[in-house]
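Structure file upload_2.pdb; described as PDB, C-alpha atoms and all ligand atoms.
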```pdb
ATOM      1  CA  THR A   1     -34.708  67.922  -7.201
ATOM      2  CA  PRO A   2     -31.809  65.463  -6.682
ATOM      3  CA  ASP A   3     -32.570  61.863  -7.575
ATOM      4  CA  VAL A   4     -32.343  60.139  -4.188
ATOM      5  CA  SER A   5     -32.330  56.616  -5.602
ATOM      6  CA  MET A   6     -29.288  57.439  -7.741
ATOM      7  CA  GLU A   7     -27.588  58.851  -4.684
ATOM      8  CA  THR A   8     -27.954  55.596  -2.717
ATOM      9  CA  ALA A   9     -26.707  53.592  -5.666
ATOM     10  CA  ALA A  10     -23.607  55.771  -5.931
ATOM     11  CA  THR A  11     -22.635  55.294  -2.266
ATOM     12  CA  SER A  12     -22.387  51.494  -2.468
ATOM     13  CA  GLU A  13     -18.584  51.682  -2.356
ATOM     14  CA  PRO A  14     -16.875  49.259   0.080
ATOM     15  CA  LEU A  15     -17.159  50.148   3.755
ATOM     16  CA  GLY A  16     -14.077  50.593   5.903
ATOM     17  CA  PRO A  17     -13.106  47.812   8.321
ATOM     18  CA  CYS A  18     -14.849  47.688  11.691
ATOM     19  CA  PRO A  19     -12.703  48.888  14.616
ATOM     20  CA  ASP A  20     -10.727  46.250  16.502
ATOM     21  CA  THR A  21     -12.698  47.052  19.644
ATOM     22  CA  PRO A  22     -16.419  47.258  18.884
ATOM     23  CA  PRO A  23     -17.624  50.637  20.178
ATOM     24  CA  SER A  24     -21.055  49.650  21.534
ATOM     25  CA  LEU A  25     -20.106  46.878  23.959
ATOM     26  CA  VAL A  26     -21.628  47.267  27.408
ATOM     27  CA  GLY A  27     -19.632  44.762  29.504
ATOM     28  CA  PRO A  28     -21.489  42.697  32.151
ATOM     29  CA  LEU A  29     -25.032  41.696  31.177
ATOM     30  CA  LEU A  30     -28.132  40.791  33.135
ATOM     31  CA  VAL A  31     -29.049  37.261  32.130
ATOM     32  CA  GLU A  32     -31.956  35.270  33.566
ATOM     33  CA  PHE A  33     -33.964  32.306  32.376
ATOM     34  CA  GLU A  34     -37.085  32.748  34.550
ATOM     35  CA  THR A  35     -38.920  34.806  31.951
ATOM     36  CA  LYS A  36     -40.855  32.738  29.405
ATOM     37  CA  ARG A  37     -39.666  33.619  25.927
ATOM     38  CA  SER A  38     -41.634  32.435  22.949
ATOM     39  CA  LEU A  39     -40.036  32.398  19.540
ATOM     40  CA  GLU A  40     -42.638  34.875  18.410
ATOM     41  CA  LEU A  41     -41.602  37.302  21.144
ATOM     42  CA  VAL A  42     -37.905  36.898  20.343
ATOM     43  CA  ARG A  43     -38.634  37.484  16.655
ATOM     44  CA  LYS A  44     -40.367  40.731  17.568
ATOM     45  CA  GLN A  45     -37.539  41.828  19.832
ATOM     46  CA  VAL A  46     -34.496  41.064  17.694
ATOM     47  CA  GLY A  47     -35.777  39.870  14.329
ATOM     48  CA  SER A  48     -36.092  43.251  12.626
ATOM     49  CA  LEU A  49     -32.317  43.696  12.414
ATOM     50  CA  LEU A  50     -31.685  40.271  10.876
ATOM     51  CA  GLN A  51     -31.878  38.783   7.413
ATOM     52  CA  GLN A  52     -33.689  35.510   6.890
ATOM     53  CA  GLY A  53     -31.774  32.545   8.298
ATOM     54  CA  GLY A  54     -30.356  34.401  11.305
ATOM     55  CA  ARG A  55     -27.895  36.421   9.218
ATOM     56  CA  TYR A  56     -26.432  39.760  10.159
ATOM     57  CA  ARG A  57     -23.703  42.099   9.065
ATOM     58  CA  PRO A  58     -22.799  45.444  10.580
ATOM     59  CA  PRO A  59     -24.373  48.251   8.534
ATOM     60  CA  ASN A  60     -21.565  50.806   8.682
ATOM     61  CA  CYS A  61     -18.309  48.887   8.472
ATOM     62  CA  THR A  62     -16.876  45.662   7.078
ATOM     63  CA  ALA A  63     -16.737  42.981   9.778
ATOM     64  CA  ARG A  64     -13.308  41.614  10.671
ATOM     65  CA  GLN A  65     -14.563  38.035  10.479
ATOM     66  CA  LYS A  66     -17.365  36.038   8.891
ATOM     67  CA  VAL A  67     -18.567  33.753  11.643
ATOM     68  CA  ALA A  68     -20.853  30.730  11.389
ATOM     69  CA  VAL A  69     -22.335  29.993  14.802
ATOM     70  CA  ILE A  70     -23.099  26.268  14.962
ATOM     71  CA  VAL A  71     -25.516  25.016  17.631
ATOM     72  CA  PRO A  72     -26.046  21.250  18.106
ATOM     73  CA  PHE A  73     -29.666  20.630  18.914
ATOM     74  CA  ARG A  74     -32.460  18.251  19.718
ATOM     75  CA  ASN A  75     -35.589  18.903  21.735
ATOM     76  CA  ARG A  76     -34.355  21.992  23.596
ATOM     77  CA  SER A  77     -36.634  24.666  22.176
ATOM     78  CA  GLN A  78     -36.965  26.623  25.429
ATOM     79  CA  HIS A  79     -33.187  26.811  25.634
ATOM     80  CA  LEU A  80     -32.951  27.895  22.020
ATOM     81  CA  ASN A  81     -35.387  30.750  22.628
ATOM     82  CA  HIS A  82     -33.316  32.093  25.536
ATOM     83  CA  TRP A  83     -30.121  31.605  23.580
ATOM     84  CA  LEU A  84     -31.408  33.507  20.536
ATOM     85  CA  TYR A  85     -32.825  36.266  22.725
ATOM     86  CA  TYR A  86     -29.463  36.909  24.365
ATOM     87  CA  LEU A  87     -26.947  35.997  21.672
ATOM     88  CA  HIS A  88     -28.214  38.011  18.736
ATOM     89  CA  PRO A  89     -27.824  41.413  20.425
ATOM     90  CA  VAL A  90     -24.371  40.409  21.706
ATOM     91  CA  LEU A  91     -23.153  39.226  18.300
ATOM     92  CA  MET A  92     -24.547  42.379  16.694
ATOM     93  CA  ARG A  93     -22.756  44.634  19.168
ATOM     94  CA  GLN A  94     -19.600  42.659  18.434
ATOM     95  CA  GLN A  95     -19.964  43.784  14.799
ATOM     96  CA  LEU A  96     -19.674  40.316  13.327
ATOM     97  CA  ASP A  97     -20.791  39.236   9.899
ATOM     98  CA  TYR A  98     -22.500  36.110  11.167
ATOM     99  CA  GLY A  99     -25.110  33.424  10.650
ATOM    100  CA  VAL A 100     -26.748  31.091  13.176
ATOM    101  CA  TYR A 101     -27.040  27.415  12.214
ATOM    102  CA  VAL A 102     -29.060  25.140  14.453
ATOM    103  CA  ILE A 103     -28.207  21.570  13.546
ATOM    104  CA  ASN A 104     -31.088  19.402  14.663
ATOM    105  CA  GLN A 105     -30.551  15.668  15.086
ATOM    106  CA  ASP A 106     -33.557  13.953  13.555
ATOM    107  CA  GLY A 107     -35.044  10.874  15.270
ATOM    108  CA  ASP A 108     -34.292   9.496  18.723
ATOM    109  CA  GLY A 109     -31.057   7.582  18.189
ATOM    110  CA  ALA A 110     -28.012   8.212  20.375
ATOM    111  CA  PHE A 111     -27.119  11.918  20.296
ATOM    112  CA  ASN A 112     -23.894  12.896  18.546
ATOM    113  CA  ARG A 113     -22.908  16.467  19.348
ATOM    114  CA  ALA A 114     -19.582  16.288  17.524
ATOM    115  CA  LYS A 115     -21.014  14.975  14.288
ATOM    116  CA  LEU A 116     -23.624  17.736  14.330
ATOM    117  CA  MET A 117     -20.763  20.248  14.558
ATOM    118  CA  ASN A 118     -19.040  18.733  11.514
ATOM    119  CA  ILE A 119     -22.315  18.869   9.609
ATOM    120  CA  GLY A 120     -22.794  22.515  10.576
ATOM    121  CA  PHE A 121     -19.319  23.305   9.280
ATOM    122  CA  ASN A 122     -20.033  21.639   5.919
ATOM    123  CA  GLU A 123     -23.537  22.986   5.439
ATOM    124  CA  SER A 124     -22.816  26.586   6.479
ATOM    125  CA  LEU A 125     -19.922  26.719   4.005
ATOM    126  CA  LYS A 126     -22.345  25.880   1.211
ATOM    127  CA  GLU A 127     -24.130  29.147   1.957
ATOM    128  CA  TYR A 128     -21.355  31.630   2.571
ATOM    129  CA  ASP A 129     -17.599  31.906   2.719
ATOM    130  CA  TYR A 130     -17.319  31.805   6.520
ATOM    131  CA  ASP A 131     -13.810  32.042   7.897
ATOM    132  CA  CYS A 132     -14.537  31.342  11.556
ATOM    133  CA  PHE A 133     -16.732  28.718  13.225
ATOM    134  CA  ALA A 134     -18.181  29.183  16.703
ATOM    135  CA  PHE A 135     -19.372  25.857  18.083
ATOM    136  CA  SER A 136     -21.775  26.508  20.952
ATOM    137  CA  ASP A 137     -24.012  24.513  23.232
ATOM    138  CA  VAL A 138     -27.596  25.796  23.139
ATOM    139  CA  ASP A 139     -27.652  26.283  26.917
ATOM    140  CA  LEU A 140     -24.657  28.617  27.291
ATOM    141  CA  VAL A 141     -25.228  32.366  27.400
ATOM    142  CA  PRO A 142     -22.329  34.790  27.906
ATOM    143  CA  ILE A 143     -22.818  37.307  30.684
ATOM    144  CA  ASP A 144     -20.288  39.799  29.348
ATOM    145  CA  ASP A 145     -20.328  41.009  25.760
ATOM    146  CA  ARG A 146     -16.591  41.788  25.757
ATOM    147  CA  ASN A 147     -16.124  38.043  25.262
ATOM    148  CA  LEU A 148     -15.737  38.276  21.487
ATOM    149  CA  TYR A 149     -17.002  35.474  19.225
ATOM    150  CA  ARG A 150     -13.948  35.870  17.041
ATOM    151  CA  CYS A 151     -11.281  33.405  15.974
ATOM    152  CA  SER A 152      -7.607  33.884  16.713
ATOM    153  CA  ASP A 153      -4.186  32.445  15.851
ATOM    154  CA  HIS A 154      -4.991  29.268  17.738
ATOM    155  CA  PRO A 155      -8.307  27.528  18.480
ATOM    156  CA  ARG A 156     -10.130  29.473  21.150
ATOM    157  CA  HIS A 157     -12.144  28.326  24.145
ATOM    158  CA  LEU A 158     -14.703  30.918  25.270
ATOM    159  CA  SER A 159     -16.696  29.231  28.040
ATOM    160  CA  VAL A 160     -14.003  29.602  30.674
ATOM    161  CA  ALA A 161     -16.069  30.422  33.763
ATOM    162  CA  VAL A 162     -19.517  28.770  33.884
ATOM    163  CA  ASP A 163     -21.923  29.378  36.781
ATOM    164  CA  LYS A 164     -22.723  25.648  37.010
ATOM    165  CA  PHE A 165     -19.071  25.023  37.905
ATOM    166  CA  ASN A 166     -18.875  28.011  40.260
ATOM    167  CA  TYR A 167     -17.164  30.029  37.538
ATOM    168  CA  ILE A 168     -14.055  27.843  37.779
ATOM    169  CA  LEU A 169     -12.435  26.191  34.765
ATOM    170  CA  SER A 170     -12.539  22.425  35.351
ATOM    171  CA  SER A 171      -9.167  21.752  33.742
ATOM    172  CA  LYS A 172      -6.528  23.400  31.578
ATOM    173  CA  THR A 173      -7.477  21.075  28.754
ATOM    174  CA  ALA A 174     -11.219  21.811  28.851
ATOM    175  CA  PHE A 175     -12.523  22.664  25.396
ATOM    176  CA  GLY A 176     -16.283  21.970  25.602
ATOM    177  CA  GLY A 177     -19.126  24.456  25.763
ATOM    178  CA  VAL A 178     -18.241  27.258  23.363
ATOM    179  CA  SER A 179     -15.159  26.964  21.157
ATOM    180  CA  LEU A 180     -14.018  28.706  17.998
ATOM    181  CA  LEU A 181     -11.793  27.565  15.161
ATOM    182  CA  THR A 182     -10.951  29.180  11.860
ATOM    183  CA  GLN A 183     -11.763  27.223   8.729
ATOM    184  CA  GLN A 184      -8.054  26.408   8.390
ATOM    185  CA  GLN A 185      -7.699  25.268  11.990
ATOM    186  CA  PHE A 186     -10.772  23.048  11.733
ATOM    187  CA  LEU A 187      -9.563  21.469   8.475
ATOM    188  CA  LYS A 188      -6.138  20.925   9.996
ATOM    189  CA  VAL A 189      -7.615  18.689  12.746
ATOM    190  CA  ASN A 190     -10.017  16.929  10.338
ATOM    191  CA  GLY A 191     -12.903  18.406  12.358
ATOM    192  CA  PHE A 192     -14.417  16.504  15.262
ATOM    193  CA  SER A 193     -14.502  12.725  15.434
ATOM    194  CA  ASN A 194     -17.846  11.367  14.163
ATOM    195  CA  THR A 195     -17.838   8.380  16.471
ATOM    196  CA  PHE A 196     -18.656   9.826  19.905
ATOM    197  CA  TRP A 197     -22.230   8.641  20.467
ATOM    198  CA  GLY A 198     -23.938   9.787  23.671
ATOM    199  CA  TRP A 199     -22.532  12.060  26.327
ATOM    200  CA  GLY A 200     -18.896  12.941  26.888
ATOM    201  CA  GLY A 201     -15.395  12.861  25.472
ATOM    202  CA  GLU A 202     -15.893  14.537  22.091
ATOM    203  CA  ASP A 203     -14.609  17.859  23.442
ATOM    204  CA  ASP A 204     -11.476  16.234  24.910
ATOM    205  CA  ASP A 205     -10.864  14.420  21.635
ATOM    206  CA  LEU A 206     -10.989  17.736  19.753
ATOM    207  CA  TYR A 207      -8.521  19.184  22.248
ATOM    208  CA  ASN A 208      -6.216  16.220  21.619
ATOM    209  CA  ARG A 209      -6.501  16.751  17.874
ATOM    210  CA  ILE A 210      -5.477  20.383  18.239
ATOM    211  CA  ILE A 211      -2.387  19.466  20.269
ATOM    212  CA  HIS A 212      -1.584  16.564  17.950
ATOM    213  CA  ARG A 213      -1.526  18.931  14.987
ATOM    214  CA  GLY A 214       0.906  21.246  16.756
ATOM    215  CA  MET A 215      -1.488  23.977  17.797
ATOM    216  CA  SER A 216      -2.398  25.178  21.278
ATOM    217  CA  ILE A 217      -5.534  26.827  22.618
ATOM    218  CA  THR A 218      -6.210  30.352  23.759
ATOM    219  CA  ARG A 219      -8.768  31.689  26.215
ATOM    220  CA  PRO A 220     -10.043  35.107  27.156
ATOM    221  CA  ASP A 221      -9.643  36.349  30.715
ATOM    222  CA  ALA A 222     -11.846  34.435  33.176
ATOM    223  CA  GLN A 223     -13.200  37.739  34.489
ATOM    224  CA  ILE A 224     -14.779  38.331  31.086
ATOM    225  CA  ALA A 225     -15.404  34.822  29.728
ATOM    226  CA  LYS A 226     -18.284  34.131  32.109
ATOM    227  CA  TYR A 227     -21.365  32.122  31.211
ATOM    228  CA  LYS A 228     -24.674  30.988  32.586
ATOM    229  CA  MET A 229     -25.830  27.482  31.704
ATOM    230  CA  ILE A 230     -29.579  26.986  31.578
ATOM    231  CA  LYS A 231     -30.400  24.312  34.175
ATOM    232  CA  HIS A 232     -31.079  20.874  32.762
ATOM    233  CA  GLY A 233     -30.823  17.186  33.506
ATOM    234  CA  ARG A 234     -29.276  14.591  31.201
ATOM    235  CA  ASP A 235     -31.338  14.311  28.020
ATOM    236  CA  LEU A 236     -32.944  11.119  26.877
ATOM    237  CA  HIS A 237     -30.755   9.240  24.382
ATOM    238  CA  ASN A 238     -27.676  11.162  25.456
ATOM    239  CA  GLU A 239     -26.574   8.900  28.291
ATOM    240  CA  VAL A 240     -22.932   8.824  29.365
ATOM    241  CA  ASN A 241     -21.100   6.514  27.022
ATOM    242  CA  PRO A 242     -18.174   4.780  28.789
ATOM    243  CA  GLU A 243     -16.611   3.917  25.421
ATOM    244  CA  ASN A 244     -16.078   7.603  24.802
ATOM    245  CA  ALA A 245     -13.540   8.028  27.604
ATOM    246  CA  VAL A 246     -11.566   5.114  26.150
ATOM    247  CA  LYS A 247     -11.663   6.678  22.692
ATOM    248  CA  THR A 248     -10.095   9.918  23.916
ATOM    249  CA  GLN A 249      -6.911   7.879  24.528
ATOM    250  CA  LYS A 250      -6.779   6.998  20.836
ATOM    251  CA  THR A 251      -7.022  10.358  19.124
ATOM    252  CA  ALA A 252      -3.694   9.955  17.352
ATOM    253  CA  GLU A 253      -4.823   6.665  15.817
ATOM    254  CA  ASN A 254      -8.135   8.046  14.564
ATOM    255  CA  ILE A 255      -7.507  11.623  13.520
ATOM    256  CA  ASP A 256      -6.504  10.844   9.927
ATOM    257  CA  THR A 257      -9.477   8.646   9.075
ATOM    258  CA  ASP A 258     -12.297   9.805  11.358
ATOM    259  CA  GLY A 259     -13.614  13.325  10.902
ATOM    260  CA  LEU A 260     -14.534  15.697   8.096
ATOM    261  CA  ASN A 261     -13.075  13.272   5.558
ATOM    262  CA  SER A 262     -15.346  10.425   6.682
ATOM    263  CA  LEU A 263     -18.511  12.410   7.399
ATOM    264  CA  ASN A 264     -21.752  10.862   6.183
ATOM    265  CA  PHE A 265     -25.255  12.137   6.858
ATOM    266  CA  THR A 266     -28.523  12.998   5.173
ATOM    267  CA  VAL A 267     -30.143  16.404   5.259
ATOM    268  CA  LYS A 268     -33.860  15.951   5.919
ATOM    269  CA  GLU A 269     -34.926  19.576   5.943
ATOM    270  CA  ILE A 270     -33.569  23.110   5.814
ATOM    271  CA  MET A 271     -35.818  25.724   7.359
ATOM    272  CA  LYS A 272     -35.134  29.447   7.414
ATOM    273  CA  ASP A 273     -36.463  31.391  10.352
ATOM    274  CA  VAL A 274     -35.534  35.044  10.666
ATOM    275  CA  LEU A 275     -33.594  34.099  13.823
ATOM    276  CA  TYR A 276     -31.732  31.021  12.563
ATOM    277  CA  THR A 277     -31.258  28.417   9.886
ATOM    278  CA  LEU A 278     -32.479  25.025  11.075
ATOM    279  CA  ILE A 279     -30.886  22.047   9.399
ATOM    280  CA  SER A 280     -32.438  18.717  10.359
ATOM    281  CA  VAL A 281     -30.174  15.770   9.709
ATOM    282  CA  ASP A 282     -30.113  12.024   9.912
ATOM    283  CA  VAL A 283     -26.735  11.279  11.536
ATOM    284  CA  ARG A 284     -27.136   7.505  11.038
ATOM    285  CA  SER A 285     -27.014   6.527  14.696
ATOM    286  CA  PRO A 286     -25.938   2.925  15.210
TER
HETATM  287  C1  LIG B 301     -20.692  19.410  28.615
HETATM  288  C2  LIG B 301     -19.965  20.373  27.698
HETATM  289  C3  LIG B 301     -20.489  20.162  26.275
HETATM  290  C4  LIG B 301     -20.271  18.751  25.813
HETATM  291  C5  LIG B 301     -20.894  17.790  26.817
HETATM  292  C6  LIG B 301     -20.501  16.345  26.570
HETATM  293  C7  LIG B 301     -19.256  22.409  28.867
HETATM  294  C8  LIG B 301     -19.620  23.724  29.410
HETATM  295  N1  LIG B 301     -20.198  21.728  28.169
HETATM  296  O1  LIG B 301     -22.046  19.853  28.636
HETATM  297  O2  LIG B 301     -19.886  21.070  25.373
HETATM  298  O3  LIG B 301     -18.890  18.512  25.650
HETATM  299  O4  LIG B 301     -20.515  18.071  28.170
HETATM  300  O5  LIG B 301     -21.078  15.830  25.424
HETATM  301  O6  LIG B 301     -18.146  21.967  29.020
HETATM  302  N2  LIG B 301     -28.067  18.657  23.120
HETATM  303  C9  LIG B 301     -29.380  18.817  22.680
HETATM  304  N3  LIG B 301     -30.290  17.833  22.919
HETATM  305  C10 LIG B 301     -29.969  16.697  23.579
HETATM  306  C11 LIG B 301     -28.644  16.535  24.027
HETATM  307  C12 LIG B 301     -27.724  17.542  23.811
HETATM  308  O7  LIG B 301     -29.725  19.848  22.093
HETATM  309  O8  LIG B 301     -30.851  15.836  23.745
HETATM  310  C13 LIG B 301     -27.046  19.669  22.768
HETATM  311  C14 LIG B 301     -27.276  21.028  23.419
HETATM  312  O9  LIG B 301     -26.753  22.027  22.591
HETATM  313  C15 LIG B 301     -26.475  20.871  24.688
HETATM  314  C16 LIG B 301     -25.233  20.138  24.161
HETATM  315  O10 LIG B 301     -25.755  19.230  23.197
HETATM  316  O11 LIG B 301     -26.178  22.101  25.283
HETATM  317  C17 LIG B 301     -24.394  19.400  25.219
HETATM  318  O12 LIG B 301     -25.209  18.538  25.996
HETATM  319  P1  LIG B 301     -25.465  18.805  27.566
HETATM  320  O13 LIG B 301     -25.848  20.208  27.747
HETATM  321  O14 LIG B 301     -26.383  17.782  28.067
HETATM  322  O15 LIG B 301     -24.021  18.503  28.174
HETATM  323  P2  LIG B 301     -23.275  19.223  29.422
HETATM  324  O16 LIG B 301     -24.053  20.354  29.964
HETATM  325  O17 LIG B 301     -22.849  18.199  30.374
HETATM  326 MN    MN B 302     -25.422  21.763  29.144
END
```
What is this structure when it is put down as structure tokens?
Amino acid sequence: TPDVSMETAATSEPLGPCPDTPPSLVGPLLVEFETKRSLELVRKQVGSLLQQGGRYRPPNCTARQKVAVIVPFRNRSQHLNHWLYYLHPVLMRQQLDYGVYVINQDGDGAFNRAKLMNIGFNESLKEYDYDCFAFSDVDLVPIDDRNLYRCSDHPRHLSVAVDKFNYILSSKTAFGGVSLLTQQQFLKVNGFSNTFWGWGGEDDDLYNRIIHRGMSITRPDAQIAKYKMIKHGRDLHNEVNPENAVKTQKTAENIDTDGLNSLNFTVKEIMKDVLYTLISVDVRSP
């Protein structure tokens, strides 16, 4: 009788690269947020294919990119459940070697989306050698899986056509929602600014940084890069901050000293769910 265990050990040679076009994509997706989705239910539906911490890699080929998906978060658990329910199957079909990092802002100080992104970049790199970073709002779900969560030669903006804005891009310089940068691209711009407290401006500042460092942005076709945003009002402690709009005029002055190289924070807790890694942080709100 052949020794089966030896056989499996012998076949652990490196897998070939995944095809450029993932073969199991389905195109347009049905996405709705009426159904109640508990975490427990989502774990049952998609958890079996994941490793602890929301990690996945395609079983039969070597992924083209190692992607850390960074989600800024506070008090949006219903949104997170929908997001996990829809995103995991999409990212799996896209044959990515990926991990989901939910960066939770501890306490009720002014929210700082951008700083949470920088923290996600730092913390995810402590776990794995990611080469691409997908920064995504928790309320944005793609409605076409051909919209690949993959980095390219220039920073990439994926949330081109959002239902909330009638599927029309608000401006050519829009870079909020879902955006992807390679590790190199993100280091080149010194990450996000850490000083955008409250709502608005941090996405425009990142755009300015990209241009300032001589890069441009790319976008997929608007026919494919469609999203639904889960309906919500303005969160508590994330009020519009008028100072932020002023700051976006001063990117060139701040880029060298405000960003990854000036990031300070305290990790309060790291929790591994099968669907995601939750990192709770004190961002030292003013
Ligand atoms: C827009 C941008 C967003 C960001 C924001 C300004 C698009 C499609 N979206 O979104 O990327 O630039 O304006 O800051 O362009 N969050 C929490 N808890 C909170 C507050 C925020 O989890 O209490 C997170 C969550 O991931 C949320 C994101 O921050 O999706 C952005 O906040 P928002 O959804 O209130 O902002 P919105 O929809 O105006
Ligand atoms: Mn939103």
Exercise. What gap, in Å, lies between atom N2 of ligand LIG 301 (chain B) and atom CA of Phe73 of chain A?
Worked result: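 Atom-to-atom, atom N2 of ligand LIG 301 (chain B) to atom CA of Phe73 of chain A, that is 4.9 Å.
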Within 7 Å of ligand MN 302 (chain B), counting all atoms listed in the file, residues as an mmCIF file with C-alpha atoms, keeping the file's coordinate frame:
```cif
data_model
loop_
_atom_site.group_PDB
_atom_site.id
_atom_site.type_symbol
_atom_site.label_atom_id
_atom_site.label_comp_id
_atom_site.auth_asym_id
_atom_site.auth_seq_id
_atom_site.Cartn_x
_atom_site.Cartn_y
_atom_site.Cartn_z
ATOM 1 C CA ASP A 137 -24.012 24.513 23.232
ATOM 2 C CA ASP A 139 -27.652 26.283 26.917
ATOM 3 C CA MET A 229 -25.830 27.482 31.704
ATOM 4 C CA HIS A 232 -31.079 20.874 32.762
#
```
Exercise. So how many Å separate atom CA of Lys164 of chain A and atom CA of Ala222 of chain A, to one decimal?
Worked result: 14.5 Å
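When the distance limit is 9 Å and only C-alpha atoms are what count, the residues near Asp145 of chain A, minus those fewer than 4 positions from it on the same chain, are Leu25, Val26, Gly27, Pro28, Leu29, Val90, Leu91, Arg93, Gln94, Ile224 and Ala225 of chain A.
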Exercise. Within 6 Å of ligand LIG 301 (chain B), counting all atoms listed in the file, which protein or nucleic acid residues do you find, written as a PyMOL selection string?
Worked result: chain A and resi 71-76+113+137-139+176-177+199-200+203+234-235+238
For this session: Rank nothing, just name the residue among A:Asn104, A:Glu127, A:Arg37, A:Arg146 nearest to Pro23 of chain A, using only C-alpha atoms.
Result: A:Arg146
Produce a table with one row for each residue of segment 196-239 of chain A that has an atom at most 12 Å from any atom of segment 266-285 of chain A, each row naming the nearest atom pair and its distance in Å at one decimal; use all atoms listed in the file; arrange rows by chain and rising residue number; format as a tab-separated table.
```
residue	atom	partner	partner_atom	distance
A:Phe196	CA	A:Ser285	CA	10.4
A:Trp197	CA	A:Ser285	CA	7.8
A:Gly198	CA	A:Ser285	CA	10.0
A:His237	CA	A:Ser285	CA	10.7
A:Asn238	CA	A:Ser285	CA	11.7
```
Exercise. What is the atom CA of Lys115 of chain A to atom CA of Asp205 of chain A distance in Å?
Worked result: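 Computed distance, atom CA of Lys115 of chain A to atom CA of Asp205 of chain A, equals 12.5 Å.
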Exercise. Once the PyMOL selection byres (((chain A and resi 50) around 12) and not hetatm) has been applied to the shown file, what residues remain in the selection, as a VMD selection string?
Worked result: chain A and resid 42 to 49 51 to 59 84 88 to 89 91 to 92 97 to 100 272 to 277
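Residue membership of the PyMOL selection byres (((chain A and resi 132) around 10) and not hetatm) in the shown file amounts to Gln65, Lys66, Val67, Ala68, Val69, Tyr98, Phe121, Asp129, Tyr130, Asp131, Phe133, Ala134, Phe135, Tyr149, Arg150, Cys151, Ser152, Leu180, Leu181, Thr182, Gln183, Gln184, Gln185 and Phe186 of chain A.
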Selection to disk with C-alpha atoms, as a tab-separated table (two decimals), keeping the file's coordinate frame:
```tsv
chain	number	residue	atom	x	y	z
A	65	GLN	CA	-14.56	38.03	10.48
A	66	LYS	CA	-17.36	36.04	8.89
A	67	VAL	CA	-18.57	33.75	11.64
A	68	ALA	CA	-20.85	30.73	11.39
A	69	VAL	CA	-22.34	29.99	14.80
A	98	TYR	CA	-22.50	36.11	11.17
A	121	PHE	CA	-19.32	23.30	9.28
A	129	ASP	CA	-17.60	31.91	2.72
A	130	TYR	CA	-17.32	31.80	6.52
A	131	ASP	CA	-13.81	32.04	7.90
A	133	PHE	CA	-16.73	28.72	13.22
A	134	ALA	CA	-18.18	29.18	16.70
A	135	PHE	CA	-19.37	25.86	18.08
A	149	TYR	CA	-17.00	35.47	19.23
A	150	ARG	CA	-13.95	35.87	17.04
A	151	CYS	CA	-11.28	33.40	15.97
A	152	SER	CA	-7.61	33.88	16.71
A	180	LEU	CA	-14.02	28.71	18.00
A	181	LEU	CA	-11.79	27.56	15.16
A	182	THR	CA	-10.95	29.18	11.86
A	183	GLN	CA	-11.76	27.22	8.73
A	184	GLN	CA	-8.05	26.41	8.39
A	185	GLN	CA	-7.70	25.27	11.99
A	186	PHE	CA	-10.77	23.05	11.73
```
Problem set entry | Contact residues around Arg219 of chain A with only C-alpha atoms at 12 Å, ignoring same-chain residues under 2 positions, as a ChimeraX atom specification | /A:147-161,169,172-175,178-180,216-217,221-226
